[in-house]
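Coordinates from structure.cif are shown below (mmCIF, C-alpha atoms and all ligand atoms).
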data_protein
loop_
_atom_site.label_atom_id
_atom_site.label_comp_id
_atom_site.auth_asym_id
_atom_site.auth_seq_id
_atom_site.Cartn_x
_atom_site.Cartn_y
_atom_site.Cartn_z
CA MET A 1 -33.63 -22.16 -15.77
CA SER A 2 -32.60 -25.10 -17.95
CA GLN A 3 -31.74 -28.52 -16.48
CA PRO A 4 -28.25 -28.39 -14.89
CA LYS A 5 -25.52 -30.73 -16.10
CA ILE A 6 -23.55 -31.73 -13.02
CA LEU A 7 -20.06 -33.21 -12.63
CA VAL A 8 -19.14 -34.78 -9.27
CA THR A 9 -15.44 -35.36 -8.47
CA GLY A 10 -14.58 -37.99 -5.85
CA ALA A 11 -17.94 -39.62 -6.58
CA ASN A 12 -16.80 -42.96 -5.14
CA GLY A 13 -15.78 -41.46 -1.80
CA GLN A 14 -17.74 -41.58 1.46
CA ILE A 15 -19.93 -38.54 0.76
CA GLY A 16 -19.60 -38.70 -3.05
CA ARG A 17 -21.43 -42.00 -3.37
CA VAL A 18 -24.45 -40.85 -1.43
CA LEU A 19 -24.50 -37.32 -2.82
CA THR A 20 -24.29 -38.55 -6.43
CA GLU A 21 -27.32 -40.75 -5.85
CA ALA A 22 -29.22 -37.89 -4.17
CA LEU A 23 -28.41 -35.49 -7.03
CA ARG A 24 -29.55 -38.10 -9.57
CA LYS A 25 -32.88 -38.39 -7.74
CA ILE A 26 -33.33 -34.61 -7.97
CA TYR A 27 -31.99 -33.91 -11.48
CA GLY A 28 -32.14 -37.30 -13.24
CA THR A 29 -29.41 -39.92 -13.68
CA GLU A 30 -28.21 -38.65 -17.06
CA SER A 31 -27.75 -35.11 -15.68
CA VAL A 32 -25.16 -36.16 -13.10
CA LEU A 33 -21.74 -37.37 -14.30
CA ALA A 34 -19.85 -39.29 -11.60
CA THR A 35 -16.04 -39.09 -11.82
CA ASP A 36 -13.29 -40.62 -9.70
CA ILE A 37 -9.74 -41.91 -9.97
CA THR A 38 -10.97 -45.47 -9.30
CA LYS A 39 -14.07 -47.31 -10.41
CA LEU A 40 -16.07 -49.37 -7.91
CA PRO A 41 -17.66 -52.66 -9.03
CA VAL A 42 -21.06 -51.12 -8.23
CA THR A 43 -20.50 -47.72 -9.86
CA VAL A 44 -23.65 -46.46 -11.55
CA GLU A 45 -23.25 -44.97 -15.04
CA PRO A 46 -22.70 -42.33 -16.31
CA PHE A 47 -19.15 -42.55 -14.93
CA GLU A 48 -15.79 -41.30 -16.22
CA PHE A 49 -12.29 -41.77 -14.82
CA LEU A 50 -10.75 -38.52 -13.65
CA ASP A 51 -7.45 -37.84 -11.90
CA ILE A 52 -8.15 -34.40 -10.50
CA LEU A 53 -4.59 -33.29 -11.31
CA ASN A 54 -5.17 -33.98 -15.01
CA ASN A 55 -6.41 -30.55 -16.09
CA GLN A 56 -6.72 -31.55 -19.74
CA ARG A 57 -9.00 -34.49 -18.93
CA LEU A 58 -11.10 -32.30 -16.63
CA ARG A 59 -11.50 -29.70 -19.40
CA GLU A 60 -12.48 -32.38 -21.94
CA LEU A 61 -15.13 -33.81 -19.63
CA VAL A 62 -16.55 -30.36 -18.89
CA GLU A 63 -16.68 -29.51 -22.60
CA ASP A 64 -17.88 -32.90 -23.89
CA HIS A 65 -20.67 -33.16 -21.31
CA LYS A 66 -21.54 -29.43 -21.35
CA ILE A 67 -21.15 -29.27 -17.56
CA THR A 68 -22.85 -26.34 -15.80
CA GLN A 69 -22.22 -27.25 -12.13
CA ILE A 70 -19.37 -29.02 -10.31
CA TYR A 71 -19.49 -30.66 -6.87
CA HIS A 72 -15.80 -31.03 -6.08
CA LEU A 73 -15.49 -33.79 -3.47
CA ALA A 74 -12.12 -35.33 -4.41
CA ALA A 75 -9.66 -34.83 -1.54
CA ILE A 76 -7.24 -36.59 0.79
CA LEU A 77 -8.49 -36.45 4.41
CA SER A 78 -6.81 -35.35 7.64
CA ALA A 79 -5.09 -38.53 8.83
CA ASN A 80 -4.01 -39.88 5.42
CA GLY A 81 -2.84 -36.42 4.40
CA GLU A 82 -0.15 -36.46 7.08
CA TRP A 83 1.65 -39.38 5.38
CA ASN A 84 2.32 -37.30 2.27
CA PRO A 85 1.83 -33.55 2.88
CA ILE A 86 3.02 -32.28 -0.52
CA LYS A 87 0.88 -34.75 -2.50
CA THR A 88 -2.10 -33.85 -0.28
CA TRP A 89 -1.59 -30.14 -0.87
CA ASN A 90 -1.36 -30.67 -4.64
CA ILE A 91 -4.48 -32.81 -4.85
CA ASN A 92 -6.59 -30.77 -2.45
CA LEU A 93 -5.65 -27.33 -3.66
CA ASN A 94 -4.59 -27.60 -7.30
CA GLY A 95 -7.70 -29.64 -8.07
CA LEU A 96 -9.87 -26.84 -6.69
CA LEU A 97 -7.96 -24.12 -8.57
CA ALA A 98 -8.42 -25.96 -11.88
CA ILE A 99 -12.16 -26.21 -11.21
CA LEU A 100 -12.55 -22.55 -10.18
CA GLU A 101 -10.67 -21.47 -13.31
CA LEU A 102 -12.90 -23.61 -15.54
CA ALA A 103 -16.01 -22.33 -13.75
CA ARG A 104 -14.90 -18.74 -14.43
CA GLU A 105 -13.95 -19.38 -18.05
CA LYS A 106 -17.09 -21.38 -18.91
CA GLU A 107 -19.39 -19.14 -16.83
CA MET A 108 -20.74 -22.16 -14.98
CA ASP A 109 -23.86 -21.82 -12.86
CA LYS A 110 -22.45 -23.11 -9.56
CA VAL A 111 -19.56 -24.85 -7.80
CA PHE A 112 -19.68 -26.73 -4.47
CA PHE A 113 -16.53 -26.96 -2.33
CA PRO A 114 -16.62 -29.07 0.85
CA SER A 115 -14.65 -27.50 3.68
CA THR A 116 -14.32 -29.01 7.14
CA ILE A 117 -13.89 -28.51 10.88
CA ALA A 118 -10.21 -29.30 10.17
CA VAL A 119 -9.76 -25.62 9.23
CA PHE A 120 -9.91 -24.87 12.97
CA GLY A 121 -6.78 -25.13 15.13
CA ASN A 122 -5.38 -24.55 18.57
CA THR A 123 -6.06 -20.79 18.45
CA THR A 124 -9.78 -21.28 17.69
CA PRO A 125 -12.36 -21.08 20.55
CA ARG A 126 -13.31 -24.71 21.16
CA VAL A 127 -16.90 -24.49 22.32
CA ASN A 128 -19.74 -23.21 20.15
CA THR A 129 -17.10 -22.04 17.67
CA PRO A 130 -18.28 -18.89 15.85
CA GLN A 131 -18.22 -18.48 12.07
CA ASP A 132 -15.32 -16.04 11.90
CA VAL A 133 -12.43 -17.10 14.13
CA PRO A 134 -8.64 -17.37 13.94
CA LEU A 135 -7.76 -20.35 11.75
CA LEU A 136 -4.42 -22.02 12.36
CA PRO A 137 -4.97 -25.59 11.15
CA THR A 138 -2.53 -28.27 12.31
CA THR A 139 -2.87 -30.69 9.36
CA VAL A 140 -2.03 -30.25 5.70
CA TYR A 141 -5.65 -31.24 4.96
CA GLY A 142 -6.87 -28.36 7.18
CA MET A 143 -4.35 -25.98 5.58
CA SER A 144 -5.49 -26.95 2.08
CA LYS A 145 -9.16 -26.53 3.00
CA SER A 146 -8.75 -23.15 4.74
CA THR A 147 -6.70 -21.89 1.77
CA GLY A 148 -9.34 -23.38 -0.53
CA GLU A 149 -11.99 -21.37 1.31
CA LEU A 150 -10.01 -18.19 0.58
CA TRP A 151 -9.79 -19.05 -3.11
CA CYS A 152 -13.55 -19.67 -3.24
CA ASN A 153 -14.17 -16.30 -1.65
CA TYR A 154 -11.72 -14.66 -4.07
CA TYR A 155 -13.29 -16.21 -7.18
CA HIS A 156 -16.69 -15.05 -6.02
CA GLN A 157 -15.60 -11.49 -5.22
CA ARG A 158 -13.31 -11.02 -8.20
CA TYR A 159 -15.14 -12.95 -10.95
CA GLY A 160 -18.65 -13.51 -9.60
CA VAL A 161 -18.30 -17.33 -9.62
CA ASP A 162 -21.27 -18.73 -7.65
CA VAL A 163 -19.23 -20.98 -5.38
CA ARG A 164 -20.78 -22.33 -2.19
CA SER A 165 -19.15 -24.19 0.67
CA LEU A 166 -19.84 -25.99 3.97
CA ARG A 167 -17.52 -26.82 6.86
CA TYR A 168 -18.59 -30.45 7.31
CA PRO A 169 -18.17 -32.01 10.75
CA GLY A 170 -17.35 -35.75 10.91
CA ILE A 171 -19.90 -37.52 8.68
CA ILE A 172 -21.45 -40.85 9.68
CA GLY A 173 -23.42 -43.04 7.29
CA TRP A 174 -24.19 -46.71 6.68
CA GLN A 175 -23.97 -46.46 2.89
CA SER A 176 -20.20 -45.98 2.56
CA LEU A 177 -16.97 -46.07 4.53
CA PRO A 178 -14.73 -43.07 5.12
CA ALA A 179 -11.03 -43.38 4.28
CA GLY A 180 -8.22 -41.74 6.17
CA GLY A 181 -10.06 -39.24 8.37
CA THR A 182 -9.80 -38.54 12.10
CA THR A 183 -13.55 -38.90 12.66
CA ASP A 184 -13.66 -42.34 10.94
CA TYR A 185 -13.94 -44.08 14.32
CA ALA A 186 -17.58 -42.99 14.58
CA VAL A 187 -18.44 -45.08 11.49
CA GLU A 188 -16.14 -48.03 12.27
CA ILE A 189 -17.62 -48.40 15.76
CA TYR A 190 -21.06 -49.35 14.38
CA HIS A 191 -19.59 -51.93 11.99
CA GLU A 192 -17.43 -53.51 14.71
CA ALA A 193 -20.26 -53.48 17.27
CA LEU A 194 -22.42 -55.53 14.92
CA LYS A 195 -19.67 -57.79 13.59
CA ASN A 196 -17.54 -58.43 16.71
CA GLY A 197 -19.30 -56.85 19.69
CA GLN A 198 -16.21 -54.81 20.50
CA TYR A 199 -14.14 -51.90 19.20
CA GLU A 200 -10.69 -50.50 19.89
CA CYS A 201 -10.91 -46.74 19.46
CA PHE A 202 -7.96 -44.70 18.16
CA LEU A 203 -9.16 -41.59 20.01
CA SER A 204 -9.34 -41.26 23.80
CA GLU A 205 -12.69 -41.67 25.53
CA ASN A 206 -13.41 -38.00 26.25
CA THR A 207 -12.50 -36.51 22.86
CA ARG A 208 -15.58 -34.48 21.94
CA LEU A 209 -16.00 -33.65 18.24
CA PRO A 210 -18.76 -32.19 16.05
CA MET A 211 -20.49 -34.91 14.00
CA MET A 212 -23.40 -35.27 11.57
CA TYR A 213 -25.51 -38.05 10.08
CA MET A 214 -25.14 -38.56 6.33
CA ASP A 215 -28.81 -37.73 5.65
CA ASP A 216 -28.30 -34.31 7.22
CA ALA A 217 -25.05 -33.72 5.35
CA ILE A 218 -26.79 -34.46 2.03
CA LYS A 219 -29.76 -32.27 2.97
CA ALA A 220 -27.43 -29.40 3.93
CA THR A 221 -25.53 -29.70 0.64
CA THR A 222 -28.57 -29.79 -1.64
CA ASP A 223 -30.37 -27.07 0.35
CA LEU A 224 -27.34 -24.78 0.18
CA MET A 225 -26.93 -25.37 -3.55
CA GLN A 226 -30.62 -24.76 -4.26
CA ALA A 227 -30.90 -21.63 -2.11
CA PRO A 228 -31.44 -18.35 -3.99
CA LYS A 229 -28.17 -16.55 -4.74
CA GLU A 230 -29.20 -13.47 -2.76
CA SER A 231 -29.52 -15.48 0.46
CA ILE A 232 -25.90 -16.68 0.38
CA SER A 233 -23.83 -14.25 2.45
CA ILE A 234 -20.78 -16.50 3.00
CA ARG A 235 -18.61 -17.64 0.11
CA TYR A 236 -15.90 -19.42 2.11
CA GLY A 237 -17.28 -22.24 4.34
CA TYR A 238 -20.53 -22.04 6.32
CA ASN A 239 -20.22 -23.45 9.85
CA LEU A 240 -22.54 -26.46 10.04
CA ALA A 241 -23.59 -28.44 13.12
CA ALA A 242 -25.87 -31.27 14.19
CA MET A 243 -24.45 -33.00 17.30
CA SER A 244 -21.24 -33.39 19.31
CA PHE A 245 -20.20 -36.48 21.27
CA THR A 246 -17.23 -38.39 22.67
CA PRO A 247 -16.25 -42.01 21.92
CA SER A 248 -17.57 -43.08 25.33
CA GLU A 249 -20.94 -41.39 24.68
CA ILE A 250 -21.43 -43.09 21.29
CA ALA A 251 -20.41 -46.42 22.90
CA GLU A 252 -23.06 -45.94 25.62
CA GLU A 253 -25.67 -45.23 22.94
CA ILE A 254 -24.74 -48.40 21.04
CA LYS A 255 -24.92 -50.42 24.28
CA LYS A 256 -28.60 -49.48 24.60
CA HIS A 257 -29.16 -51.67 21.51
CA ILE A 258 -26.27 -54.16 21.87
CA PRO A 259 -25.79 -54.57 25.66
CA GLU A 260 -22.77 -56.87 25.30
CA PHE A 261 -20.83 -54.28 23.23
CA SER A 262 -17.50 -53.18 24.76
CA ILE A 263 -14.98 -50.49 23.82
CA THR A 264 -11.28 -50.04 24.60
CA TYR A 265 -9.08 -47.03 23.87
CA LYS A 266 -5.68 -46.92 22.21
CA PRO A 267 -5.11 -43.32 21.05
CA ASP A 268 -2.64 -42.91 18.16
CA PHE A 269 -1.41 -39.89 16.15
CA ARG A 270 -5.00 -39.00 15.27
CA GLN A 271 -5.64 -38.01 18.90
CA GLN A 272 -3.44 -34.93 18.47
CA ILE A 273 -5.32 -33.94 15.31
CA ALA A 274 -8.70 -34.32 17.04
CA ALA A 275 -7.47 -32.33 20.04
CA SER A 276 -6.69 -29.37 17.77
CA TRP A 277 -10.25 -29.24 16.41
CA THR A 278 -13.27 -27.74 18.13
CA GLU A 279 -15.91 -29.49 20.26
CA SER A 280 -19.07 -27.79 19.05
CA ILE A 281 -20.04 -25.33 16.33
CA ASP A 282 -22.20 -22.22 16.12
CA ASP A 283 -24.00 -22.59 12.78
CA SER A 284 -26.40 -19.66 13.19
CA MET A 285 -25.39 -18.13 9.84
CA ALA A 286 -26.45 -21.27 7.95
CA ARG A 287 -29.72 -21.33 9.93
CA LYS A 288 -30.37 -17.67 9.15
CA ASP A 289 -29.31 -17.57 5.48
CA TRP A 290 -30.87 -20.79 4.11
CA ASN A 291 -32.91 -22.22 7.00
CA TRP A 292 -30.51 -24.99 7.98
CA LYS A 293 -31.78 -27.36 10.68
CA PRO A 294 -30.55 -30.93 11.28
CA ASP A 295 -32.97 -33.86 11.68
CA PHE A 296 -30.75 -36.38 13.51
CA ASN A 297 -29.18 -36.50 16.98
CA LEU A 298 -27.01 -39.23 18.51
CA SER A 299 -29.90 -41.49 19.51
CA SER A 300 -31.93 -41.25 16.26
CA MET A 301 -28.73 -41.68 14.21
CA THR A 302 -27.73 -44.79 16.19
CA LEU A 303 -31.14 -46.35 15.70
CA ASP A 304 -31.04 -45.71 11.94
CA MET A 305 -27.39 -46.81 11.53
CA LEU A 306 -27.92 -50.12 13.32
CA HIS A 307 -31.16 -50.77 11.46
CA HIS A 308 -29.54 -50.30 8.04
CA LEU A 309 -26.23 -51.99 8.85
CA LYS A 310 -27.99 -55.09 10.22
CA ASN A 311 -29.45 -55.56 6.74
CA THR A 312 -26.31 -54.74 4.74
CA LEU A 313 -23.42 -56.31 6.71
C1 LIG B 1 -11.61 -36.07 8.69
O1 LIG B 1 -11.72 -36.64 9.79
O2 LIG B 1 -10.53 -35.81 8.15
C2 LIG B 1 -12.87 -35.62 8.00
C3 LIG B 1 -13.22 -34.21 8.33
C4 LIG B 1 -13.68 -33.85 9.68
O3 LIG B 1 -13.10 -33.36 7.49
N1 LIG B 1 -13.95 -36.49 8.35
#
Structure re-expressed in structure tokens:
Amino acid sequence: MSQPKILVTGANGQIGRVLTEALRKIYGTESVLATDITKLPVTVEPFEFLDILNNQRLRELVEDHKITQIYHLAAILSANGEWNPIKTWNINLNGLLAILELAREKEMDKVFFPSTIAVFGNTTPRVNTPQDVPLLPTTVYGMSKSTGELWCNYYHQRYGVDVRSLRYPGIIGWQSLPAGGTTDYAVEIYHEALKNGQYECFLSENTRLPMMYMDDAIKATTDLMQAPKESISIRYGYNLAAMSFTPSEIAEEIKKHIPEFSITYKPDFRQQIAASWTESIDDSMARKDWNWKPDFNLSSMTLDMLHHLKNTL
């Protein structure tokens, strides 16, 4: 197969920055076009501005750069999405539809669509949540992602588009900051522990959520995308798991390295969102289909996070 030509949307976001770099290591810098609505001072070329709602611009980039694969990361997350539901729906869903249509028309090799644990809701079993469960998301972000999963499945069944998707848990990494999610506390807590020795958490102490270290999220994404077509049995979002913990458990883990660290709790509107998600995930389909297995747990992640952040903060 010839060298892919990849376009990443949302390349300056929390996952986008790290994934773009990882894809460039695999396929070469010139083979991966980073796009975003804003440009960071440190953005590595090749980079192009792209507002995901500008279909004409998207088409031009795909045609000019002869794009064969798209990793579509641009989205508004769960907490921010609640401030402007209609805008969130437009960005999260219409952006995906434009990409699926282009992928069909141009007979692209592959598309990646990140889904999320936000597709789950109050009717979903909360512990060891199976792959196929009732989905009644409580946020517009979750609604847009669960509907997006259906569109991915449809484009695969109806047109044979090779679209692949993961239901990411909360992602934690030292390289980039999340923006506007409900799981953001699990990144902020490391920064505040090192900078100020204390953190006020916007979730309550016993809120257990599925989480994953960035290295594992990148490994899952590249492994899924490189897996042979025949091994992919799910075209909506694969359940994906690594660890689950509460704010008080992550605080205890940090205290092992920074004994003076203290945490207080002041739950806000994000508590209700977190309470509607699940606690832990059954990801046996991902393990079976493409040999998924995480490398990091809470203690190895904490060690690695603190080590890297000490050098970068
Ligand atoms: C969020 O909190 O909105 C995201 C997610 C779980 O999809 N991190």
**Message:** I need the residue nearest A:Asp295 from this list: A:Tyr213, A:Tyr71, A:Tyr155, A:Tyr141. Use all atoms listed in the file for the distance.
**Reply:** A:Tyr213
**Asked** Between A:Thr246, A:Thr138, A:Gln131, A:Gln157, which is the closest to A:Arg104 once you count only C-alpha atoms?
**Response**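 Once distances to A:Arg104 are computed over only C-alpha atoms, the minimum belongs to A:Gln157.
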**Request:** Give as a list in words the residues surrounding ligand LIG 1 (chain B) up to a distance of 7 Å, considering only C-alpha atoms and all ligand atoms.
**Result:**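 Residues satisfying the distance criterion: Leu77, Ser78, Ala79, Thr116, Ile117, Ala118, Tyr168, Pro169, Gly170, Ile171, Gly180, Gly181, Thr182, Thr183 and Asp184 of chain A.
The space separating atom CA of A:Ser244 from atom CA of A:Leu19 comes to 22.7 Å.
Coordinates place atom CA of A:Ser31 at a distance of 4.9 Å from atom CA of A:Lys5.
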**Request:** Between A:Met285, A:Ile15, A:Ala217, A:Ala179, single out the one closest to A:Ser231, counting all atoms listed in the file.
**Result:**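 Of A:Met285, A:Ile15, A:Ala217, A:Ala179, the one nearest A:Ser231, counting all atoms listed in the file, is A:Met285.
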**Message:** Could you tell me how far atom CA of A:Asn239 sits from atom CA of A:Asp162, in Å to one decimal place?
**Reply:**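 Pair atom CA of A:Asp162 / atom CA of A:Asn239 returns 18.2 Å.
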Please report, as a Markdown table, each residue of stretch 123-165 of chain A lying at most 12 Å from stretch 96-102 of chain A, together with the nearest pair of atoms and the separation in Å rounded to one decimal; use all atoms listed in the file, and order rows by chain and ascending residue number.
| residue | atom | partner | partner_atom | distance |
| --- | --- | --- | --- | --- |
| A:Ser144 | CA | A:Leu96 | CA | 9.8 |
| A:Lys145 | CA | A:Leu96 | CA | 9.7 |
| A:Thr147 | CA | A:Leu96 | CA | 10.3 |
| A:Gly148 | CA | A:Leu96 | CA | 7.1 |
| A:Glu149 | CA | A:Leu96 | CA | 9.9 |
| A:Leu150 | CA | A:Leu97 | CA | 11.1 |
| A:Trp151 | CA | A:Leu97 | CA | 7.7 |
| A:Cys152 | CA | A:Leu100 | CA | 7.6 |
| A:Asn153 | CA | A:Leu100 | CA | 10.7 |
| A:Tyr154 | CA | A:Leu100 | CA | 10.0 |
| A:Tyr155 | CA | A:Leu100 | CA | 7.1 |
| A:His156 | CA | A:Leu100 | CA | 9.5 |
| A:Arg158 | CA | A:Leu100 | CA | 11.7 |
| A:Tyr159 | CA | A:Glu101 | CA | 9.9 |
| A:Gly160 | CA | A:Leu100 | CA | 10.9 |
| A:Val161 | CA | A:Leu100 | CA | 7.8 |
| A:Asp162 | CA | A:Leu100 | CA | 9.9 |
| A:Val163 | CA | A:Leu100 | CA | 8.4 |
| A:Arg164 | CA | A:Leu100 | CA | 11.5 |
Might I get the box with edges along x, y and z of the file that holds all atoms of stretch 232-250 of chain A listed there, padded by 3 Å on every side, given as centre and edge lengths in Å to one decimal, as AutoDock Vina command-line options?
--center_x -20.9 --center_y -28.7 --center_z 12.7 --size_x 16.0 --size_y 34.8 --size_z 31.2
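Among the candidates A:Thr124, A:Asn92, A:Ser233, A:Thr29, the one nearest to A:Trp277 when counting all atoms listed in the file is A:Thr124.
Among the candidates A:Trp174, A:Tyr27, A:Tyr185, A:Phe112, the one nearest to A:Tyr238 when counting all atoms listed in the file is A:Phe112.
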**Asked** Which residue gives the smallest distance to A:Val119 among A:Leu177, A:Ile263, A:Ile6, A:Ile273, with all atoms listed in the file counted?
**Response**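 Closest to A:Val119, using all atoms listed in the file: A:Ile273.
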**Message:** Taking (-10.1, -31.7, -17.4) in the coordinates of the supplied file, I want to know which residues reach to within 12 Å of it, counting only C-alpha atoms; could you give the answer as a ChimeraX atom specification?
**Reply:** /A:7,9,35,48-65,67,70,95-103
**Request:** List every protein, DNA or RNA residue that has at least one atom no more than 8 Å from (-20.8, -41.3, -16.8) in the file's coordinates, counting only C-alpha atoms, and write the result as a PyMOL selection string.
**Result:** chain A and resi 30+32-35+44-48
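Within the 7 Å cut-off around stretch 81-83 of chain A, using all atoms listed in the file and omitting residues fewer than 5 positions from it on the same chain, the listed residues are Ile76, Thr88, Thr139, Val140 and Tyr141 of chain A.
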